[in-house]
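**Q** One file is attached below, data.json, containing JSON, C-alpha atoms.
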[["chain", "number", "residue", "atom", "x", "y", "z"],
["A", 1, "MET", "CA", 129.55, 131.85, 47.97],
["A", 2, "LYS", "CA", 126.90, 129.53, 49.39],
["A", 3, "ILE", "CA", 126.32, 129.29, 53.09],
["A", 4, "LYS", "CA", 125.00, 126.04, 54.45],
["A", 5, "LEU", "CA", 122.78, 126.28, 57.50],
["A", 6, "VAL", "CA", 122.75, 123.20, 59.70],
["A", 7, "LEU", "CA", 120.09, 122.87, 62.36],
["A", 8, "PHE", "CA", 120.56, 120.47, 65.23],
["A", 9, "LYS", "CA", 117.44, 118.82, 66.59],
["A", 10, "LYS", "CA", 117.47, 119.11, 70.34],
["A", 11, "GLN", "CA", 117.00, 115.77, 72.07],
["A", 12, "ILE", "CA", 114.47, 115.34, 74.85],
["A", 13, "PRO", "CA", 116.10, 113.81, 77.97],
["A", 14, "ASP", "CA", 115.16, 110.25, 78.97],
["A", 15, "GLY", "CA", 112.00, 110.14, 81.05],
["A", 16, "TYR", "CA", 110.57, 113.31, 79.50],
["A", 17, "HIS", "CA", 108.19, 113.77, 76.58],
["A", 18, "VAL", "CA", 106.37, 116.62, 74.84],
["A", 19, "VAL", "CA", 102.69, 116.38, 73.89],
["A", 20, "THR", "CA", 101.08, 118.63, 71.27],
["A", 21, "TRP", "CA", 97.50, 119.76, 71.80],
["A", 22, "LYS", "CA", 95.12, 122.51, 70.69],
["A", 23, "THR", "CA", 93.32, 125.12, 72.77],
["A", 24, "ALA", "CA", 89.61, 125.84, 72.33],
["A", 25, "ALA", "CA", 90.68, 128.69, 70.02],
["A", 26, "GLY", "CA", 92.60, 126.23, 67.83],
["A", 27, "GLU", "CA", 96.10, 127.36, 68.88],
["A", 28, "GLU", "CA", 98.76, 124.67, 69.24],
["A", 29, "ARG", "CA", 100.37, 124.18, 72.63],
["A", 30, "TYR", "CA", 103.17, 121.90, 73.76],
["A", 31, "SER", "CA", 103.22, 120.35, 77.22],
["A", 32, "THR", "CA", 106.35, 118.97, 78.84],
["A", 33, "PHE", "CA", 105.91, 115.81, 80.90],
["A", 34, "GLN", "CA", 108.27, 113.95, 83.22],
["A", 35, "GLY", "CA", 106.77, 110.49, 83.31],
["A", 36, "ASP", "CA", 103.03, 111.05, 83.86],
["A", 37, "ASP", "CA", 103.47, 114.48, 85.52],
["A", 38, "ARG", "CA", 102.81, 117.55, 83.39],
["A", 39, "LEU", "CA", 105.41, 120.19, 84.24],
["A", 40, "MET", "CA", 104.61, 123.19, 82.00],
["A", 41, "SER", "CA", 102.93, 124.17, 78.73],
["A", 42, "PHE", "CA", 104.40, 126.39, 76.02],
["A", 43, "LYS", "CA", 103.52, 128.01, 72.69],
["A", 44, "SER", "CA", 106.46, 126.39, 70.88],
["A", 45, "ARG", "CA", 107.98, 122.91, 70.85],
["A", 46, "MET", "CA", 111.47, 124.38, 71.17],
["A", 47, "GLU", "CA", 110.50, 126.06, 74.46],
["A", 48, "ALA", "CA", 109.03, 122.80, 75.76],
["A", 49, "VAL", "CA", 112.16, 120.80, 74.88],
["A", 50, "THR", "CA", 114.44, 123.49, 76.35],
["A", 51, "TYR", "CA", 112.44, 123.40, 79.58],
["A", 52, "ALA", "CA", 112.70, 119.59, 79.76],
["A", 53, "THR", "CA", 116.47, 119.82, 79.30],
["A", 54, "ARG", "CA", 116.83, 122.52, 81.96],
["A", 55, "HIS", "CA", 114.53, 120.67, 84.39],
["A", 56, "ASN", "CA", 116.54, 117.47, 83.90],
["A", 57, "GLN", "CA", 119.82, 119.28, 84.61],
["A", 58, "GLU", "CA", 118.38, 120.85, 87.76],
["A", 59, "GLN", "CA", 117.10, 117.48, 88.98],
["A", 60, "GLN", "CA", 120.53, 115.91, 88.44],
["A", 61, "LEU", "CA", 122.17, 118.73, 90.43],
["A", 62, "VAL", "CA", 119.66, 118.36, 93.28],
["A", 63, "ASN", "CA", 120.30, 114.60, 93.37],
["A", 64, "GLU", "CA", 124.08, 115.10, 93.43],
["A", 65, "LEU", "CA", 123.82, 117.60, 96.29],
["A", 66, "ALA", "CA", 121.52, 115.27, 98.25],
["A", 67, "VAL", "CA", 124.05, 112.44, 97.96],
["A", 68, "ARG", "CA", 126.85, 114.65, 99.31],
["A", 69, "HIS", "CA", 124.96, 115.49, 102.51]]
Let me see the structure of the file written as structure tokens.

**A**
Amino acid sequence: MKIKLVLFKKQIPDGYHVVTWKTAAGEERYSTFQGDDRLMSFKSRMEAVTYATRHNQEQQLVNELAVRH
């Protein structure tokens, strides 16, 4: 029996982007940006994209709560 593994590429929310860069020691890092503002840096792209998704969801919730009050 063969098992097929399907990976889903996580999409970066609109208005966010991830930039890859190297430290002085040559290690790759991934920075999450919202527009021109750098939010956080991570050791993996997956962590950076996950953070962008979570940050976007939190911002939407904050905006919804602000409208209600």

**Q** Just how far from atom CA of Tyr30 of chain A is atom CA of Val62 of chain A, in Å to one decimal?

**A**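 Atom CA of Tyr30 of chain A lies at a distance of 25.8 Å from atom CA of Val62 of chain A.
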
**Q** Kindly give the distance, in Å, that separates atom CA of Asp36 of chain A and atom CA of Gly15 of chain A, rounded to a single decimal.

**A** 9.4 Å

**Q** Compute the distance from (113.6, 114.5, 76.4) to each atom, counting all atoms listed in the file, keep the residues with any atom at most 12 Å away, and return them as a ChimeraX atom specification; use the coordinates of the file.

**A** /A:9-19,31-35,45-46,48-57

**Q** How many Å lie between atom CA of Phe42 of chain A and atom CA of Arg29 of chain A, rounded to one decimal?

**A**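 Atom CA of Arg29 of chain A lies at a distance of 5.7 Å from atom CA of Phe42 of chain A.
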